[in-house]
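**Q** Here it is, the structure, as C-alpha cells.
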Amino acid sequence: MTDQASHTGLILLVDDDPLLCELHQRWLEPAGFTTRVFHDGASCLAALTEVLPDAVCLDLVLPGLSGLETLRRIKAHHPNLPVVVMTAHAEVETAVQAIKLGAYDYLEKPVDRTKFVTELQNTVERNRMTLRLAQLEREVDGRGYPGIIGESPALKNLFRQLDRVAPSDITVLIQGESGTGKELVARALHLQSTRSANAFVPLSCAAVPESLQESELFGHEKGAFTGATSRRLGVFERAHGGTVLLDEIGELTGALQAKLLRVLQERSFQRVGGAGEVSSDFRLIAATHRDLAEEVRRGRFREDLYFRVAVIELDVPPLRERRSDIPILATHFLRQFTRKKGSPKLDLSRESLDLLAAYSWPGNVRELQNAIERAVVVAQGRTVRPTDFPSRLRSGETTGTRSAPAGFDRDTSPESSATDSESQPAQPPVQTLDEIERDAIIAALARHNGNISQVVRELGIGRTTLYRKLKRYNIR
C-alpha cells in the first residue's frame with residue numbers, strides 16, 4: 001500500500017468547470033493532498049504571490065487569460081514549480097506547445113481517477129527528488145550561497161529552504177537576531193531567482209527617519225517638500241524587474257504599513273507629490289529582528305500586512321546555535337582581513353579557537369567579524385592569541401552579564417580553584433542565562449498547564465519565538 005503521507009502537498013486546480021474541480025478535489029484529498037481551486041488564470045497567478053504549492057493542475061481552455069499564457073507566466077516566475085496541463089483529445093497539439101513552454105506533463109480529458117491521482121503523486125514526488133538531488137550535489141561539491149559560510153546542521157537546513165524558495169517569486173519574511181546575516185540571505189534569494197539579472201534594492205527602514213520613509217519607498221516629485229530639488233525614484237520603482245529588501249520592516253509607521261499593503265496588492269503607487277500611478281514588477285523580501293507575530297498582538301504591526309509579508313518565513317540561526325561554524329567563519333575573516341591589511345599570513349592559536357567557541361556571541365556573525373578584525377590589527381607575530389581579542393571575550397561578558405554561554409564550563413584552572421576554595425565558602429553553581437531561560441519556560445508551562453497562549457503572555461515573547469526555544473532546549 002502506498003504511503004499517503006509521502007504524497008502530502010498542496011495542489012492548485014485551475015479549471016472553469018466548478019463540478020470538475022469539485023470532483024478532482026474529492027479524488028485528491030483522500031490521497032493526502034490539500035487543494036485550492038481557481039476558475040481562471042489571473043486568480044491563480046495572484047495566489048502564487050501568497051502560496052508555494054507542490055504542483056499546479058491547469059486546464060488549457062480558460063476564460064480571459066488563456067491556459068498557455070497562464071502557463072508561460074507561471075514558469076517565468078516559478079520555474080521549478082511543476083505544472084500538469086489538462087486538455088481535450090482534439091487539443092493534443094496545444095498540449096505539445098504546453099510541454100515546450102515547460103509543462104511537466106499533460107492529461108487528456110476525460111481522465112479516470114486512478115490515472116489522475118497517480119500522475120499528480122508522481123509529479124510531486126519526482127520534483128521533490130529532483131530538488132533533494134540538487135541539494136545533495138551542492139553539499140558534496142561544497143557549494144553554498146555567496147557570503148553565507150558554514151557547514152552546521154542549522155545552516156544546512158536554511159540552505160534546503162533556500163533551494164526550494166529562491167527560484168519562485170513568492171514573498172519571504174527573514175527573521176533573525178541582529179548580526180546573523182539576514183541581508184546575505186535576501187541577496188541569496190535574489191541571486192538564485194529569475195530576477196537575478198535585475199536590481200537588488202535594499203532599504204533599512206530603521207535607518208530612515210519617519211518623515212522620509214514614504215519618499216524612500218515610493219519616491220517623490222520635484223518640489224514635493226522642502227529640499228526636493230529634483231524627482232527621486234523610490235526603492236519599488238528602482239527595483240522594477242528585480243527584488244526589494246525591506247530590512248527591519250517592523251519599524252515602518254502605521255500609515256506606511258497601510259500604504260505598503262496596497263502596493264503589495266496592486267503593484268502600483270504614487271510618488272510623494274505626484275498625481276499619476278506608477279507600476280512596478282518587483283519581488284518583496286522583508287527582514288526583521290523582531291517577533292512580528294508578537295508585534296501584531298501588541299497592536300504595533302498590521303495583521304493583514306503580516307500575512308502578506310510572512311507567506312514564507314525563514315529563520316536565520318544565531319551563531320550560538322551553529323557553534324561548529326565558528327572556526328570556519330573565524331578563519332575566513334582572518335584571511336579576509338590579512339589580505340585587506342596586506343599583513344603576513346596569520347594563524348589562530350588553539351587557545352584562541354577555544355576562546356571563540358566558548359563565547360556566546362550576542363552580536364552574532366557581525367560581532368565575530370569585528371573581533372577578528374581587531375585581532376588582526378593588534379596581533380604581534382604570526383599567531384593570533386586570546387589577548388588579541390576584546391576583554392569581554394576573555395571575561396565571558398555578554399550584554400550586561402558575565403555568565404558563560406550554555407554548554408561551556410567557566411574557568412576552572414588550578415590557580416583560580418585554589419584561590420576560591422581558600423578565600424570563600426562553597427557556593428551553589430551559578431546558572432547560565434540559557435539555563436535560567438529554560439527553567440523559566442518550564443515553570444511557566446507548569447503554571448499554565450501547557451497553555452501556550454498564556455505562557456507567551458506571561459513571558460512577553462512571541463509564539464514563534466517560544467516554539468523555537470522549546471525545540472532548542474528540548475522541552476516537550
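Simple scheme: letters A, B, ... for chains in C-alpha cells order, numbers from 1 for residues in each chain, numbers from 1 for ligands in the order shown.
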Residues of stretch 89-192 of chain A in strand (DSSP E or B) according to DSSP, as a list of chain:residue names?
**A**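 Here is the list: A:Asp105, A:Tyr106, A:Leu107, A:Glu108, A:Lys109, A:Tyr145, A:Ile148, A:Val172, A:Leu173, A:Ile174, A:Gln175.
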**Q** Write to file, as a short mmCIF file (atom, residue, chain, number, x, y, z; two decimals), in the first residue's frame, the residues of the selection just made, with all heavy atoms.
**A**
data_model
loop_
_atom_site.label_atom_id
_atom_site.label_comp_id
_atom_site.auth_asym_id
_atom_site.auth_seq_id
_atom_site.Cartn_x
_atom_site.Cartn_y
_atom_site.Cartn_z
N ASP A 105 3.80 17.64 -17.68
CA ASP A 105 3.14 16.56 -18.43
C ASP A 105 1.74 17.05 -18.78
O ASP A 105 1.32 18.13 -18.37
CB ASP A 105 3.07 15.28 -17.59
CG ASP A 105 2.98 14.03 -18.47
OD1 ASP A 105 2.70 14.17 -19.68
OD2 ASP A 105 3.18 12.92 -17.94
N TYR A 106 1.00 16.24 -19.55
CA TYR A 106 -0.39 16.60 -19.84
C TYR A 106 -1.27 15.37 -19.72
O TYR A 106 -0.83 14.23 -19.88
CB TYR A 106 -0.52 17.24 -21.22
CG TYR A 106 -0.38 16.29 -22.39
CD1 TYR A 106 -1.51 15.68 -22.95
CD2 TYR A 106 0.86 16.04 -22.96
CE1 TYR A 106 -1.38 14.82 -24.03
CE2 TYR A 106 1.00 15.19 -24.03
CZ TYR A 106 -0.13 14.57 -24.58
OH TYR A 106 0.00 13.72 -25.64
N LEU A 107 -2.54 15.63 -19.41
CA LEU A 107 -3.56 14.59 -19.30
C LEU A 107 -4.70 14.93 -20.25
O LEU A 107 -5.13 16.09 -20.33
CB LEU A 107 -4.09 14.51 -17.87
CG LEU A 107 -3.13 14.00 -16.80
CD1 LEU A 107 -3.73 14.22 -15.41
CD2 LEU A 107 -2.81 12.53 -17.02
N GLU A 108 -5.21 13.92 -20.96
CA GLU A 108 -6.35 14.13 -21.85
C GLU A 108 -7.65 13.93 -21.09
O GLU A 108 -7.79 13.00 -20.30
CB GLU A 108 -6.29 13.15 -23.04
CG GLU A 108 -5.18 13.47 -24.03
CD GLU A 108 -5.27 12.57 -25.25
OE1 GLU A 108 -6.40 12.16 -25.62
OE2 GLU A 108 -4.22 12.25 -25.83
N LYS A 109 -8.62 14.83 -21.33
CA LYS A 109 -9.94 14.67 -20.75
C LYS A 109 -10.77 13.75 -21.65
O LYS A 109 -10.62 13.78 -22.87
CB LYS A 109 -10.65 16.03 -20.65
CG LYS A 109 -10.03 17.02 -19.69
CD LYS A 109 -10.86 18.30 -19.69
CE LYS A 109 -10.35 19.32 -18.70
NZ LYS A 109 -11.15 20.57 -18.73
N TYR A 145 25.87 29.33 -0.52
CA TYR A 145 25.36 30.57 -1.08
C TYR A 145 26.38 31.67 -0.79
O TYR A 145 27.01 31.68 0.26
CB TYR A 145 24.00 30.92 -0.46
CG TYR A 145 22.88 30.06 -0.99
CD1 TYR A 145 22.53 28.86 -0.36
CD2 TYR A 145 22.16 30.44 -2.12
CE1 TYR A 145 21.51 28.07 -0.85
CE2 TYR A 145 21.14 29.65 -2.61
CZ TYR A 145 20.82 28.47 -1.98
OH TYR A 145 19.80 27.68 -2.47
N ILE A 148 27.39 33.28 2.76
CA ILE A 148 26.83 32.51 3.88
C ILE A 148 27.74 31.32 4.10
O ILE A 148 27.73 30.36 3.32
CB ILE A 148 25.39 32.06 3.60
CG1 ILE A 148 24.53 33.26 3.15
CG2 ILE A 148 24.77 31.43 4.85
CD1 ILE A 148 23.11 32.89 2.77
N VAL A 172 8.85 36.62 0.98
CA VAL A 172 9.55 35.91 2.06
C VAL A 172 9.82 36.88 3.21
O VAL A 172 10.20 38.03 2.99
CB VAL A 172 10.89 35.32 1.56
CG1 VAL A 172 11.65 34.66 2.70
CG2 VAL A 172 10.65 34.33 0.43
N LEU A 173 9.62 36.38 4.43
CA LEU A 173 10.00 37.13 5.64
C LEU A 173 11.19 36.42 6.28
O LEU A 173 11.09 35.25 6.65
CB LEU A 173 8.83 37.19 6.63
CG LEU A 173 9.15 37.83 7.99
CD1 LEU A 173 9.52 39.30 7.81
CD2 LEU A 173 7.98 37.69 8.94
N ILE A 174 12.31 37.14 6.39
CA ILE A 174 13.52 36.59 7.01
C ILE A 174 13.59 37.08 8.44
O ILE A 174 13.59 38.29 8.69
CB ILE A 174 14.78 37.01 6.23
CG1 ILE A 174 14.66 36.60 4.76
CG2 ILE A 174 16.02 36.41 6.85
CD1 ILE A 174 15.76 37.16 3.88
N GLN A 175 13.65 36.16 9.38
CA GLN A 175 13.68 36.52 10.79
C GLN A 175 15.00 36.07 11.41
O GLN A 175 15.51 35.01 11.07
CB GLN A 175 12.51 35.85 11.53
CG GLN A 175 11.15 36.23 10.97
CD GLN A 175 10.01 35.51 11.66
OE1 GLN A 175 9.22 36.10 12.35
NE2 GLN A 175 9.94 34.22 11.46
#
**Q** May I have the residues within 12 Å of A:Leu353 as an mmCIF file with N, CA and C atoms, in the first residue's frame, using only C-alpha atoms and disregarding those fewer than 5 positions away in the same chain?
**A**
data_model
loop_
_atom_site.group_PDB
_atom_site.id
_atom_site.type_symbol
_atom_site.label_atom_id
_atom_site.label_comp_id
_atom_site.auth_asym_id
_atom_site.auth_seq_id
_atom_site.Cartn_x
_atom_site.Cartn_y
_atom_site.Cartn_z
ATOM 1 N N ARG A 323 27.619 26.580 16.551
ATOM 2 C CA ARG A 323 28.976 26.745 17.070
ATOM 3 C C ARG A 323 30.031 26.050 16.210
ATOM 4 N N SER A 324 29.642 24.961 15.551
ATOM 5 C CA SER A 324 30.634 24.260 14.724
ATOM 6 C C SER A 324 31.097 25.123 13.553
ATOM 7 N N ASP A 325 30.350 26.193 13.245
ATOM 8 C CA ASP A 325 30.747 27.082 12.151
ATOM 9 C C ASP A 325 31.732 28.165 12.602
ATOM 10 N N ILE A 326 31.920 28.330 13.917
ATOM 11 C CA ILE A 326 32.764 29.423 14.412
ATOM 12 C C ILE A 326 34.205 29.328 13.894
ATOM 13 N N PRO A 327 34.879 28.166 13.961
ATOM 14 C CA PRO A 327 36.248 28.098 13.414
ATOM 15 C C PRO A 327 36.308 28.402 11.920
ATOM 16 N N ILE A 328 35.305 27.947 11.175
ATOM 17 C CA ILE A 328 35.274 28.193 9.722
ATOM 18 C C ILE A 328 35.132 29.680 9.448
ATOM 19 N N LEU A 329 34.198 30.321 10.143
ATOM 20 C CA LEU A 329 33.984 31.750 9.957
ATOM 21 C C LEU A 329 35.205 32.551 10.397
ATOM 22 N N ALA A 330 35.774 32.183 11.560
ATOM 23 C CA ALA A 330 36.931 32.915 12.082
ATOM 24 C C ALA A 330 38.105 32.852 11.106
ATOM 25 N N THR A 331 38.355 31.669 10.556
ATOM 26 C CA THR A 331 39.446 31.508 9.589
ATOM 27 C C THR A 331 39.181 32.317 8.328
ATOM 28 N N ASP A 347 47.765 32.856 11.849
ATOM 29 C CA ASP A 347 47.047 31.657 12.281
ATOM 30 C C ASP A 347 46.385 31.923 13.627
ATOM 31 N N LEU A 348 45.302 31.215 13.888
ATOM 32 C CA LEU A 348 44.629 31.292 15.176
ATOM 33 C C LEU A 348 45.185 30.199 16.093
ATOM 34 N N ALA A 358 33.829 29.307 23.118
ATOM 35 C CA ALA A 358 33.184 29.372 24.430
ATOM 36 C C ALA A 358 32.339 30.623 24.620
ATOM 37 N N TYR A 359 32.482 31.602 23.746
ATOM 38 C CA TYR A 359 31.764 32.858 23.912
ATOM 39 C C TYR A 359 30.363 32.736 23.307
ATOM 40 N N LEU A 368 31.592 38.548 15.640
ATOM 41 C CA LEU A 368 32.763 37.723 15.383
ATOM 42 C C LEU A 368 33.657 38.384 14.336
ATOM 43 N N ILE A 372 37.590 39.553 14.975
ATOM 44 C CA ILE A 372 38.723 39.084 14.170
ATOM 45 C C ILE A 372 39.466 40.269 13.557
ATOM 46 N N THR A 383 50.834 34.623 14.988
ATOM 47 C CA THR A 383 49.743 33.868 15.621
ATOM 48 C C THR A 383 48.833 34.807 16.399
ATOM 49 N N VAL A 384 47.526 34.637 16.213
ATOM 50 C CA VAL A 384 46.542 35.407 16.980
ATOM 51 C C VAL A 384 46.292 34.680 18.290
ATOM 52 N N ARG A 385 46.485 35.399 19.404
ATOM 53 C CA ARG A 385 46.343 34.799 20.726
ATOM 54 C C ARG A 385 45.140 35.403 21.452
ATOM 55 N N PRO A 386 44.671 34.757 22.541
ATOM 56 C CA PRO A 386 43.489 35.262 23.259
ATOM 57 C C PRO A 386 43.602 36.722 23.674
ATOM 58 N N PHE A 389 42.079 39.599 21.498
ATOM 59 C CA PHE A 389 40.645 39.795 21.362
ATOM 60 C C PHE A 389 40.126 40.748 22.434
ATOM 61 N N LEU A 393 35.420 38.998 25.633
ATOM 62 C CA LEU A 393 35.501 37.596 25.246
ATOM 63 C C LEU A 393 36.259 36.806 26.291
ATOM 64 N N ARG A 394 37.341 37.386 26.787
ATOM 65 C CA ARG A 394 38.168 36.667 27.757
ATOM 66 C C ARG A 394 37.490 36.572 29.113
#
**Q** So that I can see what lies close to A:Gly242, please list as a ChimeraX atom specification the residues with an atom at most 10 Å from it, counting only C-alpha atoms and leaving out residues fewer than 4 positions away in the same chain.
**A** /A:190,193-201,236-238,280-284
**Q** Tell me, which residues of stretch 171-388 of chain A carry DSSP helix (DSSP H, G or I), written as JSON, numbers by chain?
**A** {"A": [182, 183, 184, 185, 186, 187, 188, 189, 190, 191, 205, 206, 207, 210, 211, 212, 213, 214, 215, 216, 217, 218, 235, 236, 237, 238, 249, 250, 251, 254, 255, 256, 257, 258, 259, 260, 261, 262, 263, 264, 265, 266, 292, 293, 294, 295, 296, 297, 303, 304, 305, 306, 307, 308, 309, 319, 320, 321, 323, 324, 325, 326, 327, 328, 329, 330, 331, 332, 333, 334, 335, 336, 337, 338, 339, 340, 341, 350, 351, 352, 353, 354, 355, 356, 357, 358, 364, 365, 366, 367, 368, 369, 370, 371, 372, 373, 374, 375, 376, 377, 378, 386, 387, 388]}
**Q** May I ask which of the residues A:Arg160, A:His77, A:His39, A:Arg472 is the closest one to A:Glu22, counting only C-alpha atoms?
**A**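 Among A:Arg160, A:His77, A:His39, A:Arg472, it is A:His39 that comes nearest to A:Glu22.
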**Q** Env of A:Gly102: 12 Å cut, atoms = only C-alpha atoms, seq-sep filter 4 positions within chain, self excluded. Answer as a PyMOL selection string.
**A** chain A and resi 68-76+78-85+95-98+106
**Q** Grab the atom CA of A:Leu470 to atom CA of A:Ile441 distance for me, in Å with one decimal place.
**A**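 Atom-to-atom, atom CA of A:Leu470 and atom CA of A:Ile441 are spaced 8.2 Å apart.
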**Q** Identify, on the basis of only C-alpha atoms, every residue whose closest approach to A:Phe301 does not exceed 7 Å; exclude the query and any residue fewer than 5 positions from it along the same chain; express the result as a list in words.
**A** Gly250, Glu295 and Val296 of chain A
**Q** How about saving the chosen residues, C-alpha atoms kept, as a PDB file, in the first residue's frame?
**A**
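The result, written out as part-v9.pdb:
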ATOM      1  CA  GLY A 250       8.661  46.383  11.780  1.00  0.00           C
ATOM      2  CA  GLU A 295       4.110  42.934  17.304  1.00  0.00           C
ATOM      3  CA  VAL A 296       0.720  42.170  15.750  1.00  0.00           C
TER       4      VAL A 296
END
**Q** Work out how far atom CA of A:Leu466 is from atom CA of A:Ser453, in Å to one decimal.
**A** 10.1 Å
**Q** What lies within 12 Å of stretch 217-233 of chain A using only C-alpha atoms, ignoring chain neighbours under 5 positions off, as a ChimeraX atom specification?
**A** /A:201-205,208,210-212,238-240,244-246,249,252,256-257,259-260,263,267-280
**Q** Let me see the file: selected residues, C-alpha atoms, as a compact mmCIF listing (two decimals), in the first residue's frame.
**A**
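File produced: selection14.txt:
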# COMPACT_ATOMS: atom_id res chain seq x y z
CA VAL A 201 17.45 47.21 -3.82
CA PRO A 202 17.78 47.05 -0.03
CA LEU A 203 16.33 49.61 2.37
CA SER A 204 16.85 49.62 6.12
CA CYS A 205 13.59 51.01 7.48
CA VAL A 208 15.41 56.17 7.68
CA GLU A 210 9.91 58.57 9.79
CA SER A 211 9.48 61.82 7.84
CA LEU A 212 11.46 60.38 4.91
CA ARG A 238 14.22 51.26 -8.86
CA ALA A 239 13.64 47.55 -8.32
CA HIS A 240 11.36 47.10 -11.35
CA VAL A 244 13.20 44.84 -2.89
CA LEU A 245 14.52 44.08 0.58
CA LEU A 246 12.75 45.96 3.38
CA ILE A 249 10.11 46.21 8.27
CA LEU A 252 7.55 51.33 9.44
CA LEU A 256 3.08 53.46 5.75
CA GLN A 257 2.13 49.91 6.68
CA LYS A 259 0.20 52.07 2.02
CA LEU A 260 2.60 49.15 1.70
CA VAL A 263 1.30 48.35 -3.05
CA ARG A 267 1.79 46.60 -7.54
CA SER A 268 1.28 50.33 -8.11
CA PHE A 269 1.74 53.53 -6.09
CA GLN A 270 2.09 57.31 -6.30
CA ARG A 271 5.28 59.26 -5.75
CA VAL A 272 5.10 61.83 -2.97
CA GLY A 273 3.73 64.98 -4.57
CA GLY A 274 2.72 63.07 -7.70
CA ALA A 275 -0.71 62.51 -9.22
CA GLY A 276 -0.24 59.56 -11.56
CA GLU A 277 0.03 55.88 -10.70
CA VAL A 278 3.41 54.19 -11.11
CA SER A 279 3.52 50.43 -11.67
CA SER A 280 6.42 48.18 -10.78
